[in-house]
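One structure is given here, and the rest of the page talks about it.
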Amino acid sequence: MRAAFRRRLLAGAAFALVVAVCGPLTSSSAAERLSPPRASTATPAAAKGKHPVVTWGASADRQGEGPADRSYRLIVRTSVGGSNMRIRLSNAFGDNPVTFETAYAGLQRQGAELVRGSNRKLSFGGSGSVTVPAGETVLSDPLPGKLAAQANLVISLYVTGAKGPTTGHGMAMRTNYATAGNHAAEEGAAAWTDPMGSWYWLDAVDVETSTSIGALVALGDSITDGWQSSTDLNRRWPDYLSRRLQVANTPVKGVANEGISGNKVLADGAGQSALNRLQRDVLSQPGVRTVFLFEGVNDIKAHSGVTAQDMIDGYRKIIDQAHAAGKCVVGSTIAPFKGWSEWDAAAESVRLEVNQFVRESGELDAVTDFDRILRSPYDHERISPFFDNGDHLHPNDKGMAAMADAVDIGSLTSC
């Protein structure tokens with residue numbers, strides 16, 4: 001089975017180059033500046049041995065109506081460092097074209113204020129502005145220079161012509177900012193008077209780095225999205241894992257968090273289902289080596305008639321598609337949730353059967369057992385009080401850290 005998968009992996013490398021839609025974007029020096037690179041006589045051959053790898057991502061979904069003539073200051077945390085940063089702007093869920101009159105990339109000093117001298121203008125096909133049709137996405141041109149790992153990158157957009165629903169990520173667990181008019185080029189915070197808890201339009205950032213380096217994409221629901229972790233402190237479990245990966249002896253350095261609160265494996269609702277968004281949110285990201293699948297509790301607790309076999313069939317489809325694209329797939333058991341209002345014995349029975357498949361089927365390349373990590377030693381149907389934020393479903397910061405610590409880093413390259 002592993003020999004066959006290695007053949008799929010080699011084939012998938014070519015596939016990844018075809019489907020990649022994210023790439024490199026920002027530059028930062030040791031002084032944490034986004035500054036132009038030194039003049040160079042390097043030829044295109046110098047770029048050999050490098051490829052784009054996603055350094056940040058957030059699942060796109062349909063959001064409320066976006067007003068025209070408005071600027072957005074969006075703050076994201078990089079994972080892997082590199083050069084030639086690019087951003088991906090998405091109008092996947094819009095009903096009308098949207099125009100980005102200008103876009104800038106800088107580094108956060110504090111709040112909406114940028115590090116002085118770090119804000120640099122982005123281009124799209126050589127132009128400073130771009131119009132994205134409904135249902136489509138666009139990549140910026142590479143921004144020469146370096147972007148550090150674990151940096152607070154700030155993307156400032158001036159948006160015009162927005163009508164109807166916008167595309168964005170509703171639960172950022174991060175304070176972003178908006179304001180009327182065009183203030184994207186400004187590094188000060190004075191104009192940015194409207195704090196907001198969502199990301200709009202921006203759904204991925206990537207950098208160019210060695211072809212020996214790859215990324216992990218976490219596909220999940222609100223636990224992966226970070227609900228109840230501390231806002232602005234990057235304490236979601238993929239954040240903790242990202243910090244581990246930066247100092248570990250592993251080729252997996254990039255992390256993209258593709259969790260959506262309320263998301264399901266099988267049915268659309270809070271975002272498209274994991275099956276329906278797998279290509280856009282996961283397989284289209286460049287440099288992805290490993291898919292981390294941790295999702296299913298929302299299907300089970302909804303009491304919609306979903307059986308354990310339904311869930312297993314859904315998992316198998318995700319595993320098969322990811323393997324066909326040459327990716328490793330690490331899966332996790334579903335964590336306990338007794339005490340949550342939708343828990344009952346029937347839902348618990350489905351959870352246990354699904355977890356048995358995850359642990360014992362051998363269809364995943366590796367397993368991380370979040371159930372065993374998070375459950376109470378006195379009642380395996382409940383999350384441990386030490387990790388419970390109080391709603392009996394979502395872990396607190398300590399629980400998020402314990403989840404990340406439970407991941408066997410070696411298993412991320414086990415296929």
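Following the order of the structure tokens, first chain is A, next is B, and so on, with residues numbered from 1 inside each chain and ligands from 1 in the order they appear.
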
Give one line per residue of stretch 186-223 of chain A that approaches stretch 241-247 of chain A to at most 12 Å, naming the two atoms of the closest pair and their distance in Å to one decimal, counting only C-alpha atoms; sort by chain then ascending residue number and deliver it as CSV.
```
residue,atom,partner,partner_atom,distance
A:Ile213,CA,A:Gln246,CA,11.1
A:Gly214,CA,A:Leu245,CA,11.0
A:Ala215,CA,A:Ser242,CA,9.9
A:Leu216,CA,A:Ser242,CA,9.2
A:Val217,CA,A:Ser242,CA,10.8
A:Ala218,CA,A:Leu241,CA,10.4
```

Generate the output file for the selected residues, N, CA, C and O atoms, as an mmCIF file, in the first residue's frame.
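Resulting contents of out-v4.cif:
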```cif
data_model
loop_
_atom_site.group_PDB
_atom_site.id
_atom_site.type_symbol
_atom_site.label_atom_id
_atom_site.label_comp_id
_atom_site.auth_asym_id
_atom_site.auth_seq_id
_atom_site.Cartn_x
_atom_site.Cartn_y
_atom_site.Cartn_z
ATOM 1 N N ILE A 213 10.606 21.809 1.354
ATOM 2 C CA ILE A 213 9.676 22.275 2.388
ATOM 3 C C ILE A 213 8.248 22.169 1.886
ATOM 4 O O ILE A 213 7.947 22.495 0.731
ATOM 5 N N GLY A 214 7.347 21.721 2.755
ATOM 6 C CA GLY A 214 5.941 21.624 2.407
ATOM 7 C C GLY A 214 5.060 22.162 3.512
ATOM 8 O O GLY A 214 5.532 22.736 4.498
ATOM 9 N N ALA A 215 3.755 21.960 3.350
ATOM 10 C CA ALA A 215 2.785 22.522 4.292
ATOM 11 C C ALA A 215 1.755 21.481 4.699
ATOM 12 O O ALA A 215 1.536 20.485 4.011
ATOM 13 N N LEU A 216 1.121 21.759 5.819
ATOM 14 C CA LEU A 216 -0.019 20.997 6.331
ATOM 15 C C LEU A 216 -1.251 21.887 6.255
ATOM 16 O O LEU A 216 -1.183 23.076 6.579
ATOM 17 N N VAL A 217 -2.367 21.310 5.831
ATOM 18 C CA VAL A 217 -3.649 22.016 5.857
ATOM 19 C C VAL A 217 -4.565 21.312 6.835
ATOM 20 O O VAL A 217 -4.800 20.101 6.720
ATOM 21 N N ALA A 218 -5.073 22.051 7.818
ATOM 22 C CA ALA A 218 -5.992 21.509 8.813
ATOM 23 C C ALA A 218 -7.421 21.736 8.336
ATOM 24 O O ALA A 218 -7.863 22.885 8.209
#
```

Run DSSP on the backbone and tell me which residues of stretch 97-344 of chain A come out as strand (DSSP E); list them as a PyMOL selection string.
chain A and resi 98-110+113-114+120-121+130-132+137-139+143-147+152-160+165-169+176-180+194-196+199-200+202-210+214-220+252-259+288-294+328-332

Near A:Ala134, counting only C-alpha atoms, which residues have an atom at most 10 Å away, once you skip same-chain residues fewer than 5 positions from it, shown as a PyMOL selection string?
chain A and resi 90-98+166-167

Writer output for current selection, all heavy atoms, as a PDB file, in the first residue's frame:
```
ATOM      1  N   SER A  90     -10.437  36.449  -2.961  1.00  0.00           N
ATOM      2  CA  SER A  90     -11.521  35.588  -3.397  1.00  0.00           C
ATOM      3  C   SER A  90     -12.850  36.324  -3.482  1.00  0.00           C
ATOM      4  O   SER A  90     -13.244  37.056  -2.571  1.00  0.00           O
ATOM      5  CB  SER A  90     -11.674  34.409  -2.425  1.00  0.00           C
ATOM      6  OG  SER A  90     -12.768  33.600  -2.792  1.00  0.00           O
ATOM      7  N   ASN A  91     -13.534  36.111  -4.589  1.00  0.00           N
ATOM      8  CA  ASN A  91     -14.917  36.539  -4.754  1.00  0.00           C
ATOM      9  C   ASN A  91     -15.781  35.307  -5.024  1.00  0.00           C
ATOM     10  O   ASN A  91     -16.759  35.361  -5.756  1.00  0.00           O
ATOM     11  CB  ASN A  91     -15.030  37.552  -5.907  1.00  0.00           C
ATOM     12  CG  ASN A  91     -16.372  38.271  -5.938  1.00  0.00           C
ATOM     13  OD1 ASN A  91     -17.089  38.350  -4.943  1.00  0.00           O
ATOM     14  ND2 ASN A  91     -16.729  38.792  -7.102  1.00  0.00           N
ATOM     15  N   ALA A  92     -15.384  34.180  -4.398  1.00  0.00           N
ATOM     16  CA  ALA A  92     -16.011  32.889  -4.672  1.00  0.00           C
ATOM     17  C   ALA A  92     -17.501  32.882  -4.373  1.00  0.00           C
ATOM     18  O   ALA A  92     -18.272  32.169  -5.032  1.00  0.00           O
ATOM     19  CB  ALA A  92     -15.315  31.789  -3.869  1.00  0.00           C
ATOM     20  N   PHE A  93     -17.933  33.666  -3.383  1.00  0.00           N
ATOM     21  CA  PHE A  93     -19.341  33.645  -2.972  1.00  0.00           C
ATOM     22  C   PHE A  93     -20.068  34.946  -3.302  1.00  0.00           C
ATOM     23  O   PHE A  93     -21.188  35.169  -2.842  1.00  0.00           O
ATOM     24  CB  PHE A  93     -19.432  33.333  -1.477  1.00  0.00           C
ATOM     25  CG  PHE A  93     -18.967  31.943  -1.142  1.00  0.00           C
ATOM     26  CD1 PHE A  93     -17.641  31.696  -0.809  1.00  0.00           C
ATOM     27  CD2 PHE A  93     -19.837  30.870  -1.210  1.00  0.00           C
ATOM     28  CE1 PHE A  93     -17.195  30.420  -0.516  1.00  0.00           C
ATOM     29  CE2 PHE A  93     -19.396  29.584  -0.927  1.00  0.00           C
ATOM     30  CZ  PHE A  93     -18.083  29.356  -0.582  1.00  0.00           C
ATOM     31  N   GLY A  94     -19.443  35.800  -4.076  1.00  0.00           N
ATOM     32  CA  GLY A  94     -20.097  37.039  -4.489  1.00  0.00           C
ATOM     33  C   GLY A  94     -21.034  36.820  -5.653  1.00  0.00           C
ATOM     34  O   GLY A  94     -20.857  35.894  -6.455  1.00  0.00           O
ATOM     35  N   ASP A  95     -22.021  37.689  -5.774  1.00  0.00           N
ATOM     36  CA  ASP A  95     -22.950  37.651  -6.906  1.00  0.00           C
ATOM     37  C   ASP A  95     -22.595  38.679  -7.968  1.00  0.00           C
ATOM     38  O   ASP A  95     -23.185  38.679  -9.054  1.00  0.00           O
ATOM     39  CB  ASP A  95     -24.379  37.912  -6.421  1.00  0.00           C
ATOM     40  CG  ASP A  95     -24.906  36.804  -5.524  1.00  0.00           C
ATOM     41  OD1 ASP A  95     -24.394  35.668  -5.633  1.00  0.00           O
ATOM     42  OD2 ASP A  95     -25.814  37.079  -4.712  1.00  0.00           O
ATOM     43  N   ASN A  96     -21.642  39.556  -7.666  1.00  0.00           N
ATOM     44  CA  ASN A  96     -21.262  40.638  -8.564  1.00  0.00           C
ATOM     45  C   ASN A  96     -19.745  40.794  -8.575  1.00  0.00           C
ATOM     46  O   ASN A  96     -19.067  40.371  -7.630  1.00  0.00           O
ATOM     47  CB  ASN A  96     -21.889  41.967  -8.105  1.00  0.00           C
ATOM     48  CG  ASN A  96     -23.401  41.910  -8.063  1.00  0.00           C
ATOM     49  OD1 ASN A  96     -24.073  42.002  -9.082  1.00  0.00           O
ATOM     50  ND2 ASN A  96     -23.942  41.744  -6.855  1.00  0.00           N
ATOM     51  N   PRO A  97     -19.192  41.412  -9.618  1.00  0.00           N
ATOM     52  CA  PRO A  97     -17.752  41.683  -9.613  1.00  0.00           C
ATOM     53  C   PRO A  97     -17.399  42.625  -8.463  1.00  0.00           C
ATOM     54  O   PRO A  97     -18.229  43.426  -8.014  1.00  0.00           O
ATOM     55  CB  PRO A  97     -17.507  42.360 -10.968  1.00  0.00           C
ATOM     56  CG  PRO A  97     -18.699  42.028 -11.799  1.00  0.00           C
ATOM     57  CD  PRO A  97     -19.850  41.887 -10.849  1.00  0.00           C
ATOM     58  N   VAL A  98     -16.158  42.522  -7.978  1.00  0.00           N
ATOM     59  CA  VAL A  98     -15.673  43.440  -6.958  1.00  0.00           C
ATOM     60  C   VAL A  98     -14.314  43.959  -7.418  1.00  0.00           C
ATOM     61  O   VAL A  98     -13.502  43.219  -7.967  1.00  0.00           O
ATOM     62  CB  VAL A  98     -15.569  42.746  -5.581  1.00  0.00           C
ATOM     63  CG1 VAL A  98     -14.635  41.550  -5.620  1.00  0.00           C
ATOM     64  CG2 VAL A  98     -15.128  43.726  -4.510  1.00  0.00           C
ATOM     65  N   THR A 166     -20.558  39.331   0.311  1.00  0.00           N
ATOM     66  CA  THR A 166     -19.107  39.320   0.181  1.00  0.00           C
ATOM     67  C   THR A 166     -18.580  37.911   0.433  1.00  0.00           C
ATOM     68  O   THR A 166     -19.315  37.013   0.858  1.00  0.00           O
ATOM     69  CB  THR A 166     -18.455  40.283   1.185  1.00  0.00           C
ATOM     70  OG1 THR A 166     -18.805  39.868   2.510  1.00  0.00           O
ATOM     71  CG2 THR A 166     -18.915  41.708   0.970  1.00  0.00           C
ATOM     72  N   THR A 167     -17.308  37.749   0.179  1.00  0.00           N
ATOM     73  CA  THR A 167     -16.613  36.501   0.479  1.00  0.00           C
ATOM     74  C   THR A 167     -15.632  36.761   1.611  1.00  0.00           C
ATOM     75  O   THR A 167     -14.896  37.753   1.582  1.00  0.00           O
ATOM     76  CB  THR A 167     -15.866  35.989  -0.761  1.00  0.00           C
ATOM     77  OG1 THR A 167     -16.817  35.699  -1.786  1.00  0.00           O
ATOM     78  CG2 THR A 167     -15.060  34.732  -0.438  1.00  0.00           C
TER      79      THR A 167
END
```

Do you know which residues are at most 7 Å from stretch 63-70 of chain A counting only C-alpha atoms, after dropping those on the same chain fewer than 5 positions away, and could you put them as a ChimeraX atom specification?
/A:158-168,179-182

Output the selection as an mmCIF file, in the first residue's frame - N, CA and C atoms for each residue.
```cif
data_model
loop_
_atom_site.group_PDB
_atom_site.id
_atom_site.type_symbol
_atom_site.label_atom_id
_atom_site.label_comp_id
_atom_site.auth_asym_id
_atom_site.auth_seq_id
_atom_site.Cartn_x
_atom_site.Cartn_y
_atom_site.Cartn_z
ATOM 1 N N TYR A 158 -8.281 48.491 -0.537
ATOM 2 C CA TYR A 158 -9.313 49.501 -0.782
ATOM 3 C C TYR A 158 -10.266 48.931 -1.819
ATOM 4 N N VAL A 159 -11.533 48.725 -1.413
ATOM 5 C CA VAL A 159 -12.508 48.001 -2.216
ATOM 6 C C VAL A 159 -13.586 48.959 -2.718
ATOM 7 N N THR A 160 -13.865 48.891 -4.010
ATOM 8 C CA THR A 160 -14.952 49.680 -4.592
ATOM 9 C C THR A 160 -15.856 48.745 -5.389
ATOM 10 N N GLY A 161 -17.050 49.196 -5.653
ATOM 11 C CA GLY A 161 -17.954 48.436 -6.501
ATOM 12 C C GLY A 161 -18.510 47.185 -5.876
ATOM 13 N N ALA A 162 -18.372 47.024 -4.574
ATOM 14 C CA ALA A 162 -18.889 45.822 -3.915
ATOM 15 C C ALA A 162 -20.406 45.929 -3.769
ATOM 16 N N LYS A 163 -21.111 44.927 -4.269
ATOM 17 C CA LYS A 163 -22.565 44.863 -4.143
ATOM 18 C C LYS A 163 -22.966 43.457 -3.727
ATOM 19 N N GLY A 164 -23.973 43.377 -2.852
ATOM 20 C CA GLY A 164 -24.466 42.074 -2.455
ATOM 21 C C GLY A 164 -23.514 41.367 -1.513
ATOM 22 N N PRO A 165 -23.640 40.031 -1.407
ATOM 23 C CA PRO A 165 -22.844 39.274 -0.444
ATOM 24 C C PRO A 165 -21.347 39.347 -0.746
ATOM 25 N N THR A 166 -20.558 39.331 0.311
ATOM 26 C CA THR A 166 -19.107 39.320 0.181
ATOM 27 C C THR A 166 -18.580 37.911 0.433
ATOM 28 N N THR A 167 -17.308 37.749 0.179
ATOM 29 C CA THR A 167 -16.613 36.501 0.479
ATOM 30 C C THR A 167 -15.632 36.761 1.611
ATOM 31 N N GLY A 168 -15.634 35.909 2.614
ATOM 32 C CA GLY A 168 -14.719 36.114 3.732
ATOM 33 C C GLY A 168 -14.778 34.966 4.719
ATOM 34 N N THR A 179 -12.453 51.049 7.459
ATOM 35 C CA THR A 179 -12.702 52.487 7.479
ATOM 36 C C THR A 179 -13.257 52.910 6.134
ATOM 37 N N ALA A 180 -13.960 54.038 6.099
ATOM 38 C CA ALA A 180 -14.476 54.581 4.844
ATOM 39 C C ALA A 180 -13.339 55.230 4.062
ATOM 40 N N GLY A 181 -13.419 55.143 2.727
ATOM 41 C CA GLY A 181 -12.427 55.791 1.885
ATOM 42 C C GLY A 181 -11.166 54.954 1.718
ATOM 43 N N ASN A 182 -10.196 55.539 1.030
ATOM 44 C CA ASN A 182 -8.959 54.834 0.701
ATOM 45 C C ASN A 182 -7.841 55.212 1.663
#
```

Residues near stretch 326-330 of chain A, anyone? I mean within 6 Å using only C-alpha atoms, not counting same-chain ones fewer than 2 positions away, as a list in words.
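The residues satisfying every condition are Arg8, Leu9, Gly12, Arg289, Thr290, Val291, Phe292, Ala322, His323, Ala324, Leu364, Asp365, Ala366, Val367 and Cys415 of chain A.
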
Write out, as a short mmCIF file (atom, residue, chain, number, x, y, z; two decimals), in the first residue's frame, the residues just selected, with C-alpha atoms.
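Generated file (again34.cif):
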```cif
data_model
loop_
_atom_site.label_atom_id
_atom_site.label_comp_id
_atom_site.auth_asym_id
_atom_site.auth_seq_id
_atom_site.Cartn_x
_atom_site.Cartn_y
_atom_site.Cartn_z
CA ARG A 8 0.61 8.56 -6.23
CA LEU A 9 2.75 11.09 -4.38
CA GLY A 12 0.60 14.30 -7.27
CA ARG A 289 2.21 17.76 1.71
CA THR A 290 -0.24 16.71 4.44
CA VAL A 291 -3.99 17.03 5.00
CA PHE A 292 -5.03 16.89 8.66
CA ALA A 322 -6.26 13.70 -1.13
CA HIS A 323 -4.28 10.57 -1.98
CA ALA A 324 -5.06 11.01 -5.67
CA LEU A 364 -5.40 6.94 7.04
CA ASP A 365 -1.64 7.39 6.77
CA ALA A 366 -1.47 8.29 10.47
CA VAL A 367 -3.81 8.99 13.38
CA CYS A 415 3.18 8.22 3.59
#
```

List as a ChimeraX atom specification the protein and nucleic acid residues near A:Leu89, meaning an atom at most 8 Å away when only C-alpha atoms are counted, but skip any in the same chain fewer than 6 places from it.
/A:137-139,201-204

Emit the selected residues as a compact mmCIF listing (two decimals), in the first residue's frame, including N, CA, C and O atoms.
```txt
# COMPACT_ATOMS: atom_id res chain seq x y z
N THR A 137 -11.32 33.88 -8.19
CA THR A 137 -10.26 34.36 -7.31
C THR A 137 -9.14 34.93 -8.16
O THR A 137 -9.08 34.70 -9.38
N VAL A 138 -8.23 35.67 -7.51
CA VAL A 138 -7.09 36.24 -8.22
C VAL A 138 -5.87 36.20 -7.32
O VAL A 138 -5.97 36.34 -6.10
N LEU A 139 -4.71 35.98 -7.93
CA LEU A 139 -3.44 36.02 -7.23
C LEU A 139 -2.74 37.33 -7.53
O LEU A 139 -2.74 37.81 -8.67
N TRP A 201 -12.39 38.95 1.81
CA TRP A 201 -11.74 38.87 0.51
C TRP A 201 -10.44 38.04 0.52
O TRP A 201 -10.25 37.23 -0.36
N LEU A 202 -9.60 38.26 1.50
CA LEU A 202 -8.32 37.55 1.56
C LEU A 202 -8.53 36.13 2.08
O LEU A 202 -9.09 35.95 3.15
N ASP A 203 -8.06 35.11 1.32
CA ASP A 203 -8.24 33.75 1.82
C ASP A 203 -6.96 32.92 1.80
O ASP A 203 -6.97 31.77 2.27
N ALA A 204 -5.84 33.45 1.31
CA ALA A 204 -4.59 32.69 1.35
C ALA A 204 -3.40 33.59 1.07
O ALA A 204 -3.51 34.61 0.39
```

Fewer than 3 positions away in the same chain doesn't count, so skip those; otherwise give me all residues within 6 Å of stretch 50-59 of chain A, counting only C-alpha atoms, as a compact mmCIF listing (two decimals) with C-alpha atoms, in the first residue's frame.
```txt
# COMPACT_ATOMS: atom_id res chain seq x y z
CA GLY A 23 2.07 31.71 -3.87
CA ALA A 47 14.96 30.12 -8.67
CA THR A 78 2.47 33.55 8.83
CA SER A 79 3.75 30.02 9.40
CA VAL A 80 6.64 29.24 7.04
CA ASP A 203 -8.24 33.75 1.82
CA ALA A 204 -4.59 32.69 1.35
CA VAL A 205 -0.97 33.85 1.41
CA ASP A 206 2.03 31.93 0.17
CA VAL A 207 5.80 32.32 -0.11
CA GLU A 208 8.52 30.79 -2.22
CA THR A 209 10.86 28.42 -0.41
CA SER A 210 12.91 25.26 -0.96
CA THR A 211 11.23 22.37 -2.73
CA GLY A 254 3.67 25.73 6.43
CA VAL A 255 0.27 25.57 8.12
CA ALA A 256 -3.08 26.68 6.69
CA ASN A 257 -6.09 26.64 9.03
CA GLU A 258 -9.14 25.70 6.95
CA ASP A 281 -9.64 25.19 0.53
CA PRO A 286 0.54 25.24 -3.14
CA GLY A 287 3.17 23.08 -1.50
```

Using only C-alpha atoms, what does the table of stretch 281-309 of chain A residues within 12 Å of stretch 263-266 of chain A look like, with each row giving the shortest atom pair and its distance in Å to one decimal, sorted by chain and ascending number, as CSV?
```
residue,atom,partner,partner_atom,distance
A:Leu293,CA,A:Val265,CA,9.9
A:Phe294,CA,A:Val265,CA,9.6
A:Glu295,CA,A:Val265,CA,6.5
A:Gly296,CA,A:Val265,CA,5.9
A:Val297,CA,A:Lys264,CA,7.7
A:Asn298,CA,A:Lys264,CA,5.5
A:Asp299,CA,A:Lys264,CA,5.4
A:Ile300,CA,A:Lys264,CA,9.0
A:Lys301,CA,A:Lys264,CA,10.3
A:Ala302,CA,A:Lys264,CA,9.6
A:Ser304,CA,A:Leu266,CA,10.9
A:Gly305,CA,A:Leu266,CA,11.6
A:Val306,CA,A:Leu266,CA,8.8
A:Thr307,CA,A:Leu266,CA,11.1
A:Ala308,CA,A:Leu266,CA,11.8
A:Gln309,CA,A:Leu266,CA,11.8
```

Could the residues in this selection be written to a file with N, CA, C and O atoms, as an mmCIF file, in the first residue's frame?
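out02.cif was written with the following content:
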```cif
data_model
loop_
_atom_site.group_PDB
_atom_site.id
_atom_site.type_symbol
_atom_site.label_atom_id
_atom_site.label_comp_id
_atom_site.auth_asym_id
_atom_site.auth_seq_id
_atom_site.Cartn_x
_atom_site.Cartn_y
_atom_site.Cartn_z
ATOM 1 N N LEU A 293 -7.224 15.873 8.861
ATOM 2 C CA LEU A 293 -8.686 15.812 8.884
ATOM 3 C C LEU A 293 -9.179 15.640 10.314
ATOM 4 O O LEU A 293 -8.933 14.619 10.946
ATOM 5 N N PHE A 294 -9.886 16.655 10.815
ATOM 6 C CA PHE A 294 -10.465 16.591 12.159
ATOM 7 C C PHE A 294 -11.830 17.250 12.108
ATOM 8 O O PHE A 294 -11.990 18.440 12.327
ATOM 9 N N GLU A 295 -12.829 16.461 11.775
ATOM 10 C CA GLU A 295 -14.165 17.008 11.564
ATOM 11 C C GLU A 295 -15.183 15.884 11.674
ATOM 12 O O GLU A 295 -14.867 14.727 11.387
ATOM 13 N N GLY A 296 -16.408 16.234 12.089
ATOM 14 C CA GLY A 296 -17.466 15.239 12.157
ATOM 15 C C GLY A 296 -18.456 15.432 13.283
ATOM 16 O O GLY A 296 -19.584 14.945 13.214
ATOM 17 N N VAL A 297 -18.072 16.152 14.331
ATOM 18 C CA VAL A 297 -18.972 16.293 15.479
ATOM 19 C C VAL A 297 -20.259 17.021 15.101
ATOM 20 O O VAL A 297 -21.335 16.697 15.620
ATOM 21 N N ASN A 298 -20.203 17.977 14.164
ATOM 22 C CA ASN A 298 -21.414 18.710 13.790
ATOM 23 C C ASN A 298 -22.378 17.836 13.001
ATOM 24 O O ASN A 298 -23.601 17.993 13.130
ATOM 25 N N ASP A 299 -21.862 16.926 12.184
ATOM 26 C CA ASP A 299 -22.738 15.969 11.499
ATOM 27 C C ASP A 299 -23.468 15.109 12.513
ATOM 28 O O ASP A 299 -24.677 14.856 12.387
ATOM 29 N N ILE A 300 -22.741 14.658 13.538
ATOM 30 C CA ILE A 300 -23.292 13.718 14.514
ATOM 31 C C ILE A 300 -24.308 14.385 15.426
ATOM 32 O O ILE A 300 -25.419 13.867 15.627
ATOM 33 N N LYS A 301 -23.969 15.535 15.973
ATOM 34 C CA LYS A 301 -24.852 16.154 16.964
ATOM 35 C C LYS A 301 -26.070 16.835 16.354
ATOM 36 O O LYS A 301 -27.008 17.201 17.077
ATOM 37 N N ALA A 302 -26.095 16.956 15.015
ATOM 38 C CA ALA A 302 -27.256 17.576 14.365
ATOM 39 C C ALA A 302 -28.474 16.667 14.349
ATOM 40 O O ALA A 302 -29.592 17.120 14.112
ATOM 41 N N SER A 304 -29.461 14.496 12.180
ATOM 42 C CA SER A 304 -30.113 14.573 10.868
ATOM 43 C C SER A 304 -30.275 13.204 10.226
ATOM 44 O O SER A 304 -30.643 13.109 9.058
ATOM 45 N N GLY A 305 -29.987 12.168 10.970
ATOM 46 C CA GLY A 305 -30.083 10.812 10.434
ATOM 47 C C GLY A 305 -28.773 10.272 9.905
ATOM 48 O O GLY A 305 -28.729 9.160 9.360
ATOM 49 N N VAL A 306 -27.698 11.040 10.072
ATOM 50 C CA VAL A 306 -26.388 10.595 9.615
ATOM 51 C C VAL A 306 -25.919 9.416 10.454
ATOM 52 O O VAL A 306 -25.936 9.472 11.693
ATOM 53 N N THR A 307 -25.508 8.345 9.813
ATOM 54 C CA THR A 307 -25.031 7.157 10.502
ATOM 55 C C THR A 307 -23.499 7.129 10.528
ATOM 56 O O THR A 307 -22.835 7.892 9.816
ATOM 57 N N ALA A 308 -22.955 6.231 11.314
ATOM 58 C CA ALA A 308 -21.510 6.073 11.335
ATOM 59 C C ALA A 308 -20.991 5.670 9.956
ATOM 60 O O ALA A 308 -19.933 6.145 9.519
ATOM 61 N N GLN A 309 -21.728 4.823 9.251
ATOM 62 C CA GLN A 309 -21.288 4.415 7.912
ATOM 63 C C GLN A 309 -21.297 5.597 6.949
ATOM 64 O O GLN A 309 -20.412 5.707 6.086
#
```

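Distance annotation: of A:His303, A:Arg382, A:His392, A:Lys121, the residue with the minimal separation from A:Val350 is A:His303; atom set is only C-alpha atoms.
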
Would you please extract all alpha helix (DSSP H) residues from stretch 161-311 of chain A, as assigned by DSSP on the backbone, and give them as a VMD selection string?
chain A and resid 222 to 225 237 to 247 274 to 278 297 to 301 308 to 311

In Å, rounded to a single decimal, give me how far atom CA of A:Ala60 is from atom CA of A:Asn119.
25.1 Å

Pairwise distance, atom CA of A:Ile318 with atom CA of A:Ser341, equals 28.9 Å

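Between atom CA of A:Pro395 and atom CA of A:Asn234 there is a distance of 14.2 Å.
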
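Distance annotation: of A:Arg280, A:Thr193, A:Arg109, A:Arg116, the residue with the minimal separation from A:Arg88 is A:Arg280; atom set is only C-alpha atoms.
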